[in-house]
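**Student:** This one is start-v7.txt, compact mmCIF, C-alpha atoms and all ligand atoms.
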# COMPACT_ATOMS: atom_id res chain seq x y z
CA MET H 1 0.00 0.00 0.00
CA THR H 2 2.78 2.47 0.85
CA GLY H 3 4.36 1.74 -2.54
CA GLU H 4 1.46 3.63 -4.15
CA LEU H 5 2.39 6.88 -2.45
CA SER H 6 4.38 9.33 -4.55
CA PRO H 7 7.68 10.61 -3.06
CA ILE H 8 5.95 13.95 -2.31
CA ASP H 9 3.12 12.21 -0.47
CA LYS H 10 5.64 10.13 1.49
CA ALA H 11 7.47 13.34 2.39
CA LYS H 12 4.24 14.97 3.55
CA PHE H 13 3.32 11.87 5.51
CA VAL H 14 6.63 11.56 7.38
CA ALA H 15 6.58 15.26 8.32
CA ALA H 16 3.02 14.88 9.61
CA LYS H 17 3.78 11.64 11.46
CA ARG H 18 6.77 13.22 13.22
CA ALA H 19 4.83 16.36 14.19
CA ALA H 20 1.92 14.28 15.49
CA GLU H 21 4.31 13.15 18.24
CA PHE H 22 4.43 16.77 19.55
CA VAL H 23 0.84 16.44 20.78
CA GLU H 24 0.36 15.37 24.40
CA SER H 25 -2.76 14.44 26.34
CA GLY H 26 -4.57 17.46 27.75
CA MET H 27 -3.42 19.82 24.99
CA ARG H 28 -5.60 22.07 22.86
CA VAL H 29 -4.27 21.87 19.31
CA GLY H 30 -4.99 23.85 16.14
CA LEU H 31 -5.40 21.51 13.17
CA GLY H 32 -4.38 22.92 9.79
CA THR H 33 -5.88 22.42 6.35
CA GLY H 34 -4.53 20.79 3.18
CA SER H 35 -3.13 17.43 2.17
CA THR H 36 -0.20 17.49 4.64
CA ALA H 37 -2.46 18.59 7.48
CA ALA H 38 -4.87 15.78 6.54
CA TRP H 39 -2.03 13.29 7.14
CA LEU H 40 -1.47 14.91 10.50
CA VAL H 41 -5.14 14.52 11.44
CA ARG H 42 -5.05 10.84 10.41
CA CYS H 43 -1.84 10.24 12.40
CA LEU H 44 -3.40 11.92 15.45
CA GLY H 45 -6.55 9.83 15.01
CA GLU H 46 -4.37 6.72 15.05
CA ARG H 47 -2.75 7.88 18.32
CA VAL H 48 -6.22 8.53 19.81
CA ARG H 49 -7.38 5.02 18.86
CA GLU H 50 -4.23 3.08 19.63
CA GLU H 51 -2.53 4.96 22.48
CA GLY H 52 -5.53 6.55 24.16
CA LEU H 53 -4.19 10.08 23.45
CA ARG H 54 -6.77 12.61 24.69
CA PHE H 55 -6.62 16.14 23.38
CA GLN H 56 -8.99 18.75 21.92
CA GLY H 57 -8.57 19.86 18.32
CA VAL H 58 -9.55 23.21 16.82
CA PRO H 59 -9.91 22.75 13.05
CA THR H 60 -9.11 25.52 10.57
CA SER H 61 -11.74 24.53 7.99
CA THR H 62 -14.92 22.52 7.59
CA ARG H 63 -12.89 19.90 5.68
CA THR H 64 -10.50 19.43 8.58
CA ALA H 65 -13.34 19.40 11.11
CA GLU H 66 -15.07 16.59 9.21
CA LEU H 67 -11.89 14.51 8.97
CA ALA H 68 -10.97 15.10 12.62
CA ARG H 69 -14.39 13.89 13.81
CA GLU H 70 -14.20 10.93 11.45
CA VAL H 71 -10.90 9.74 12.96
CA GLY H 72 -12.08 10.16 16.56
CA ILE H 73 -10.55 13.50 17.60
CA GLU H 74 -12.58 15.65 20.00
CA VAL H 75 -13.34 18.86 18.10
CA ILE H 76 -13.99 22.20 19.81
CA SER H 77 -14.22 25.75 18.48
CA LEU H 78 -11.52 28.37 19.03
CA ASP H 79 -13.96 30.33 21.20
CA GLU H 80 -14.37 27.30 23.43
CA ALA H 81 -10.62 26.70 23.56
CA ARG H 82 -9.76 30.42 23.92
CA TRP H 83 -6.03 29.67 23.69
CA LEU H 84 -4.10 26.81 22.13
CA ASP H 85 -0.93 25.03 23.15
CA LEU H 86 0.08 24.27 19.62
CA THR H 87 -1.03 24.59 15.99
CA ILE H 88 0.28 22.24 13.32
CA ASP H 89 -0.39 23.18 9.71
CA GLY H 90 0.99 22.86 6.20
CA ALA H 91 2.33 25.70 4.05
CA ASP H 92 2.74 26.51 0.38
CA GLU H 93 6.19 28.06 0.87
CA PHE H 94 8.55 28.76 3.76
CA ASP H 95 11.78 30.75 3.80
CA GLY H 96 14.88 30.66 6.02
CA GLU H 97 13.19 32.83 8.67
CA LEU H 98 10.14 30.54 8.65
CA ASN H 99 7.96 33.19 7.07
CA LEU H 100 5.26 31.49 5.05
CA ILE H 101 2.86 31.70 2.17
CA LYS H 102 -0.36 29.89 3.06
CA GLY H 103 -3.84 29.69 1.63
CA GLY H 104 -3.37 27.35 -1.32
CA GLY H 105 -6.31 25.44 0.11
CA GLY H 106 -8.28 28.64 0.70
CA ALA H 107 -8.31 28.41 4.51
CA LEU H 108 -5.80 31.19 5.28
CA LEU H 109 -8.14 33.31 7.39
CA GLN H 110 -9.03 30.64 9.95
CA GLU H 111 -5.47 29.30 9.74
CA LYS H 112 -3.98 32.68 10.67
CA ILE H 113 -6.47 33.30 13.48
CA VAL H 114 -5.84 29.84 14.94
CA ALA H 115 -2.04 30.00 14.55
CA THR H 116 -1.80 33.40 16.23
CA ALA H 117 -3.94 32.15 19.13
CA SER H 118 -1.37 29.43 19.83
CA ASP H 119 1.74 29.28 21.99
CA GLN H 120 3.55 27.51 19.15
CA MET H 121 3.02 27.07 15.42
CA VAL H 122 4.65 24.10 13.75
CA VAL H 123 4.65 23.84 9.96
CA ILE H 124 4.82 20.45 8.29
CA ALA H 125 6.02 20.38 4.70
CA ASP H 126 7.81 18.42 2.03
CA ALA H 127 11.27 19.75 1.20
CA ALA H 128 10.09 21.29 -2.10
CA LYS H 129 8.23 24.00 -0.15
CA GLU H 130 11.47 25.64 1.01
CA VAL H 131 12.41 28.79 -0.93
CA GLU H 132 15.05 31.47 -0.66
CA THR H 133 12.54 34.25 -1.36
CA LEU H 134 8.79 33.90 -1.03
CA GLY H 135 6.58 34.55 -4.04
CA ALA H 136 6.86 31.81 -6.65
CA PHE H 137 3.63 30.39 -5.24
CA PRO H 138 0.76 32.81 -5.99
CA LEU H 139 -0.05 34.74 -2.81
CA PRO H 140 -3.68 34.28 -1.74
CA VAL H 141 -5.57 37.34 -0.52
CA GLU H 142 -9.08 36.89 0.90
CA VAL H 143 -11.51 39.67 -0.10
CA ILE H 144 -15.18 40.18 0.59
CA PRO H 145 -17.36 39.61 -2.50
CA PHE H 146 -18.90 43.12 -2.39
CA GLY H 147 -16.96 45.31 -4.81
CA TRP H 148 -14.19 42.76 -5.19
CA THR H 149 -13.09 44.23 -8.54
CA ALA H 150 -12.53 47.59 -6.79
CA SER H 151 -10.41 45.83 -4.15
CA GLN H 152 -8.54 44.06 -6.94
CA ALA H 153 -7.78 47.37 -8.70
CA LEU H 154 -6.51 48.94 -5.44
CA LEU H 155 -4.45 45.88 -4.77
CA GLU H 156 -2.78 45.95 -8.19
CA GLU H 157 -2.12 49.66 -7.73
CA ALA H 158 -0.55 49.04 -4.31
CA LEU H 159 1.78 46.44 -5.82
CA VAL H 160 3.38 49.11 -8.05
CA SER H 161 5.27 50.59 -5.13
CA MET H 162 6.15 47.23 -3.54
CA ASP H 163 9.33 45.20 -3.95
CA VAL H 164 7.68 42.50 -6.07
CA MET H 165 8.25 41.31 -9.61
CA GLY H 166 4.74 41.18 -11.08
CA ARG H 167 1.30 42.51 -10.27
CA LYS H 168 -1.15 40.22 -12.01
CA THR H 169 -4.03 39.07 -9.81
CA THR H 170 -6.60 36.40 -10.60
CA LEU H 171 -9.89 35.51 -8.97
CA ARG H 172 -9.70 31.94 -7.69
CA MET H 173 -12.30 29.77 -9.40
CA ASN H 174 -14.08 26.56 -8.53
CA GLY H 175 -15.10 25.35 -11.99
CA GLU H 176 -17.29 28.04 -13.57
CA ARG H 177 -17.85 29.94 -10.32
CA ALA H 178 -15.73 31.93 -7.92
CA PHE H 179 -14.18 29.83 -5.15
CA ILE H 180 -15.93 30.65 -1.86
CA THR H 181 -14.07 30.40 1.44
CA ASP H 182 -15.57 29.01 4.66
CA GLU H 183 -16.34 32.65 5.57
CA GLY H 184 -18.20 33.26 2.30
CA ASN H 185 -15.41 35.37 0.77
CA TYR H 186 -13.44 35.31 -2.50
CA ILE H 187 -9.72 34.74 -2.99
CA LEU H 188 -7.50 36.82 -5.25
CA ASP H 189 -4.23 35.08 -6.11
CA LEU H 190 -1.31 37.47 -6.59
CA HIS H 191 1.19 36.34 -9.21
CA VAL H 192 4.18 38.35 -8.11
CA SER H 193 6.97 35.72 -8.50
CA ARG H 194 9.25 37.34 -5.91
CA ILE H 195 8.38 39.15 -2.68
CA GLY H 196 11.37 41.24 -1.60
CA ASN H 197 9.79 42.57 1.60
CA PRO H 198 7.04 40.19 2.79
CA ARG H 199 6.58 42.03 6.10
CA GLN H 200 5.79 45.32 4.36
CA LEU H 201 3.59 43.67 1.72
CA ALA H 202 1.53 41.91 4.41
CA LEU H 203 0.84 45.26 6.11
CA VAL H 204 0.00 47.09 2.89
CA LEU H 205 -2.40 44.39 1.67
CA ASN H 206 -4.41 44.39 4.89
CA GLN H 207 -4.98 48.15 4.62
CA ILE H 208 -6.89 47.84 1.34
CA PRO H 209 -10.69 48.14 1.79
CA GLY H 210 -12.33 44.78 1.14
CA VAL H 211 -9.24 42.76 2.00
CA VAL H 212 -9.94 40.47 4.94
CA GLU H 213 -6.55 38.77 5.26
CA ASN H 214 -3.52 37.76 3.23
CA GLY H 215 -1.58 34.50 3.11
CA LEU H 216 1.73 35.89 4.36
CA PHE H 217 2.51 34.48 7.81
CA ILE H 218 5.28 36.65 9.22
CA ASP H 219 6.94 35.78 12.56
CA ILE H 220 4.14 33.32 13.35
CA CYS H 221 5.81 29.96 12.70
CA ASP H 222 8.19 28.63 15.39
CA GLN H 223 9.24 25.29 13.95
CA VAL H 224 9.19 23.51 10.61
CA VAL H 225 9.22 19.75 10.20
CA ILE H 226 10.51 18.98 6.71
CA GLY H 227 9.79 15.56 5.24
CA TYR H 228 11.72 13.74 2.51
CA GLY H 229 10.50 10.94 0.25
CA ASP H 230 13.01 8.48 1.72
CA GLY H 231 11.61 8.80 5.26
CA ARG H 232 14.05 11.41 6.59
CA VAL H 233 12.67 14.30 8.61
CA GLU H 234 14.43 17.47 9.62
CA THR H 235 13.08 19.70 12.39
CA ARG H 236 14.18 23.34 12.58
CA ASP H 237 13.35 25.51 15.56
CA ILE H 238 13.77 29.21 14.74
CA ASN H 239 13.70 30.38 18.38
CA ALA H 240 16.13 27.80 19.76
CA GLY H 241 18.25 27.93 16.59
CA THR H 242 18.38 24.11 16.52
CA VAL H 243 18.17 21.59 13.68
CA SER H 244 17.60 17.89 14.29
CA GLU H 245 17.29 14.90 11.97
CA ASP H 246 15.25 11.77 12.34
CA ARG H 247 13.58 8.98 10.33
CA VAL H 248 9.98 7.83 10.18
CA ASP H 249 9.21 4.20 9.42
CA PHE H 250 6.52 3.65 6.78
CA VAL H 251 5.79 0.02 7.57
CA GLU H 252 4.42 0.53 11.06
CA SER H 253 1.84 2.91 9.64
CA ASP H 254 0.35 0.60 7.03
CA ASN H 255 -3.08 0.70 8.69
CA LEU H 256 -3.25 4.42 8.12
CA PHE H 257 -2.82 4.10 4.39
CA GLN H 258 -5.45 1.40 4.23
CA ASP H 259 -7.93 3.77 5.91
CA ILE H 260 -7.81 6.14 2.94
O1 LIG J 1 -2.47 26.89 3.48
C1 LIG J 1 -3.02 25.85 3.24
C2 LIG J 1 -4.49 25.73 3.07
O2 LIG J 1 -5.11 26.98 3.09
C3 LIG J 1 -2.24 24.59 3.14
O3 LIG J 1 -1.59 24.36 4.33
C4 LIG J 1 -1.24 24.73 2.01
O4 LIG J 1 -1.94 25.05 0.83
C5 LIG J 1 -0.40 23.47 1.83
O5 LIG J 1 -1.21 22.47 1.32
P1 LIG J 1 -0.68 20.99 1.07
O6 LIG J 1 -0.31 20.43 2.39
O7 LIG J 1 -1.85 20.28 0.43
O8 LIG J 1 0.50 21.07 0.14
Any chance you could put this one into structure tokens?
**Tutor:**
Amino acid sequence: MTGELSPIDKAKFVAAKRAAEFVESGMRVGLGTGSTAAWLVRCLGERVREEGLRFQGVPTSTRTAELAREVGIEVISLDEARWLDLTIDGADEFDGELNLIKGGGGALLQEKIVATASDQMVVIADAAKEVETLGAFPLPVEVIPFGWTASQALLEEALVSMDVMGRKTTLRMNGERAFITDEGNYILDLHVSRIGNPRQLALVLNQIPGVVENGLFIDICDQVVIGYGDGRVETRDINAGTVSEDRVDFVESDNLFQDI
């Protein structure tokens, strides 16, 4: 069964499996969205079933909430939790300072609220997500549907004075219709190829009327767990300045793959 996983999926899985070990009984944990985060939720479900791990999960999307319930995790809202010990989530890109682009799955708003309400944010990612400079992945910006073309025009105008390489924006689609986020908003994807000053861009974007949030996560992530297709995992802690290496065994997790 594991032989059917692509090297990228194996890399995502091993990162998720390693990070799932960070969760301890009694914790309140933010659960990210996306394919890597889905592995995490399945790995945590396995720990709930097999080890009796007891923790409360705060999902960052309806998709993650459904999966978490399905695998036996106790789900609560952020308002019930109030504060979280830890959030574990995927990312579309991360740089050397662990600044991120997120929102490829359209859940950036809840993801940012949940991550910033946590003592720690851990990103899980395959090695291909690491970049020197953020921006090759289109930057998602969540806008309210009312007057979205006006917000788009202001946004493109704002990009002129920013240290970025392009300023094309596209409305994210779901087939023939606009993609709608869990909050009922639209997403504009910014094709800028290179973001020279992500901190400044994040601030400028959020000042545009109609913009709800952007996918730049600056100074939010504390650790990244990077997975490789051969089972290696590397954990970098930006605060402690440490890097550690490890391996995750695929065989012992066969049941997980059969669940899918
Ligand atoms: O930000 C996200 C969703 O809004 C995801 O974490 C990001 O898109 C990475 O997804 P994947 O793990 O599927 O590569």
**Student:** Residues up to 7 Å from ligand LIG 1 (chain J), counting all atoms listed in the file: could you list those as a list of chain:residue names?
**Tutor:**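 Final answer, ordered by chain and number: H:Gly32, H:Thr33, H:Gly34, H:Ser35, H:Thr36, H:Ala37, H:Asp89, H:Gly90, H:Ala91, H:Asp92, H:Lys102, H:Gly103, H:Gly104, H:Gly105, H:Gly106, H:Ala107, H:Leu108, H:Ala125.
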**Student:** So which residues touch Leu44 (chain H) within 9 Å, counting only C-alpha atoms, skipping near sequence neighbours fewer than 5 positions away, as a list in words?
**Tutor:**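 The filter keeps Lys17, Ala20, Glu21, Val23, Trp39, Arg49, Leu53, Ala68, Val71, Gly72 and Ile73 of chain H.
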**Student:** Contacts between region 217-236 of chain H and region 108-144 of chain H, please, where a residue of region 108-144 of chain H counts if it comes within 7 Å (with all atoms listed in the file); show its shortest atom pair and distance in Å to one decimal, rows by chain and ascending number, as a tab-separated table.
**Tutor:**
residue	atom	partner	partner_atom	distance
H:Thr116	CA	H:Ile220	CA	6.6
H:Gln120	CA	H:Asp222	CA	6.1
H:Met121	CA	H:Cys221	CA	4.9
H:Val122	CA	H:Gln223	CA	4.7
H:Val123	CA	H:Val224	CA	4.6
H:Ile124	CA	H:Val225	CA	4.8
H:Ala125	CA	H:Ile226	CA	5.1
H:Asp126	CA	H:Gly227	CA	4.7
H:Ala127	CA	H:Ile226	CA	5.6
**Student:** Please determine the residues with any atom at most 12 Å from (-19.4, 35.8, 3.4) (coordinates as given in the file, with all atoms listed in the file counting) and report them as an NGL selection string.
**Tutor:** :H and (142-146 or 179-187 or 210 or 212)
**Student:** Which of these, H:Gly175, H:Pro59, H:Gly241, H:Gly45, has the shortest distance to Glu111 (chain H) once you count all atoms listed in the file?
**Tutor:**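 The closest residue to Glu111 (chain H) is H:Pro59.
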**Student:** Quick one: residues within 10 Å of region 188-200 of chain H, only C-alpha atoms counted, chain neighbours fewer than 2 positions away excluded, as number ranges by chain?
**Tutor:** H: 99-101, 103-104, 132-143, 148-149, 151-152, 155-156, 159, 162-173, 178-179, 186, 202-205, 211, 214-219
**Student:** For C-alpha atoms, I'd like the residues from the last selection saved as an mmCIF file, keeping the file's coordinate frame.
**Tutor:**
data_model
loop_
_atom_site.group_PDB
_atom_site.id
_atom_site.type_symbol
_atom_site.label_atom_id
_atom_site.label_comp_id
_atom_site.auth_asym_id
_atom_site.auth_seq_id
_atom_site.Cartn_x
_atom_site.Cartn_y
_atom_site.Cartn_z
ATOM 1 C CA ASN H 99 7.960 33.190 7.070
ATOM 2 C CA LEU H 100 5.260 31.490 5.050
ATOM 3 C CA ILE H 101 2.860 31.700 2.170
ATOM 4 C CA GLY H 103 -3.840 29.690 1.630
ATOM 5 C CA GLY H 104 -3.370 27.350 -1.320
ATOM 6 C CA GLU H 132 15.050 31.470 -0.660
ATOM 7 C CA THR H 133 12.540 34.250 -1.360
ATOM 8 C CA LEU H 134 8.790 33.900 -1.030
ATOM 9 C CA GLY H 135 6.580 34.550 -4.040
ATOM 10 C CA ALA H 136 6.860 31.810 -6.650
ATOM 11 C CA PHE H 137 3.630 30.390 -5.240
ATOM 12 C CA PRO H 138 0.760 32.810 -5.990
ATOM 13 C CA LEU H 139 -0.050 34.740 -2.810
ATOM 14 C CA PRO H 140 -3.680 34.280 -1.740
ATOM 15 C CA VAL H 141 -5.570 37.340 -0.520
ATOM 16 C CA GLU H 142 -9.080 36.890 0.900
ATOM 17 C CA VAL H 143 -11.510 39.670 -0.100
ATOM 18 C CA TRP H 148 -14.190 42.760 -5.190
ATOM 19 C CA THR H 149 -13.090 44.230 -8.540
ATOM 20 C CA SER H 151 -10.410 45.830 -4.150
ATOM 21 C CA GLN H 152 -8.540 44.060 -6.940
ATOM 22 C CA LEU H 155 -4.450 45.880 -4.770
ATOM 23 C CA GLU H 156 -2.780 45.950 -8.190
ATOM 24 C CA LEU H 159 1.780 46.440 -5.820
ATOM 25 C CA MET H 162 6.150 47.230 -3.540
ATOM 26 C CA ASP H 163 9.330 45.200 -3.950
ATOM 27 C CA VAL H 164 7.680 42.500 -6.070
ATOM 28 C CA MET H 165 8.250 41.310 -9.610
ATOM 29 C CA GLY H 166 4.740 41.180 -11.080
ATOM 30 C CA ARG H 167 1.300 42.510 -10.270
ATOM 31 C CA LYS H 168 -1.150 40.220 -12.010
ATOM 32 C CA THR H 169 -4.030 39.070 -9.810
ATOM 33 C CA THR H 170 -6.600 36.400 -10.600
ATOM 34 C CA LEU H 171 -9.890 35.510 -8.970
ATOM 35 C CA ARG H 172 -9.700 31.940 -7.690
ATOM 36 C CA MET H 173 -12.300 29.770 -9.400
ATOM 37 C CA ALA H 178 -15.730 31.930 -7.920
ATOM 38 C CA PHE H 179 -14.180 29.830 -5.150
ATOM 39 C CA TYR H 186 -13.440 35.310 -2.500
ATOM 40 C CA ALA H 202 1.530 41.910 4.410
ATOM 41 C CA LEU H 203 0.840 45.260 6.110
ATOM 42 C CA VAL H 204 0.000 47.090 2.890
ATOM 43 C CA LEU H 205 -2.400 44.390 1.670
ATOM 44 C CA VAL H 211 -9.240 42.760 2.000
ATOM 45 C CA ASN H 214 -3.520 37.760 3.230
ATOM 46 C CA GLY H 215 -1.580 34.500 3.110
ATOM 47 C CA LEU H 216 1.730 35.890 4.360
ATOM 48 C CA PHE H 217 2.510 34.480 7.810
ATOM 49 C CA ILE H 218 5.280 36.650 9.220
ATOM 50 C CA ASP H 219 6.940 35.780 12.560
#
**Student:** Which value, in Å to one decimal, gives the distance between CA of Glu130 (chain H) and CA of Leu98 (chain H)?
**Tutor:**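 Taking CA of Glu130 (chain H) and CA of Leu98 (chain H), their separation equals 9.2 Å.
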**Student:** Taking only C-alpha atoms into account, which of H:Ile208, H:Val114, H:Leu67, H:Cys43 comes nearest Leu84 (chain H)?
**Tutor:** H:Val114
**Student:** What separation in Å, quoted to one decimal, exists between CA of Val58 (chain H) and CA of Arg18 (chain H)?
**Tutor:**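 Those two atoms sit 19.5 Å apart.
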**Student:** Grab the CA of Asp246 (chain H) to CA of Gly96 (chain H) distance for me, in Å with one decimal place.
**Tutor:** 19.9 Å
**Student:** Tell me, as a list in words, which residues lie within 6 Å of Thr87 (chain H), counting all atoms listed in the file; anything in the same chain fewer than 5 positions away does not count.
**Tutor:**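 With the cut-off at 6 Å, the set is Val29, Gly30, Ala115 and Met121 of chain H.
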**Student:** Got time to write the residues from that selection, C-alpha atoms, as a compact mmCIF listing (two decimals), in the coordinates of the input?
**Tutor:**
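Written output follows (again20.txt):
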# COMPACT_ATOMS: atom_id res chain seq x y z
CA VAL H 29 -4.27 21.87 19.31
CA GLY H 30 -4.99 23.85 16.14
CA ALA H 115 -2.04 30.00 14.55
CA MET H 121 3.02 27.07 15.42
**Student:** In the coordinates of the file, take the point (-9.1, 17.3, 19.0) and a cut-off of 6 Å; then, counting all atoms listed in the file, name each qualifying protein, DNA or RNA residue as a ChimeraX atom specification.
**Tutor:** /H:55-57,73-75
**Student:** Would you compute an axis-aligned box for region 219-231 of chain H, covering every atom listed for it in the file with 8 Å of margin on each side, and report centre and edge lengths in Å to one decimal as JSON?
**Tutor:**
{"center_x": 8.6, "center_y": 22.1, "center_z": 7.8, "size_x": 24.9, "size_y": 43.3, "size_z": 31.1}
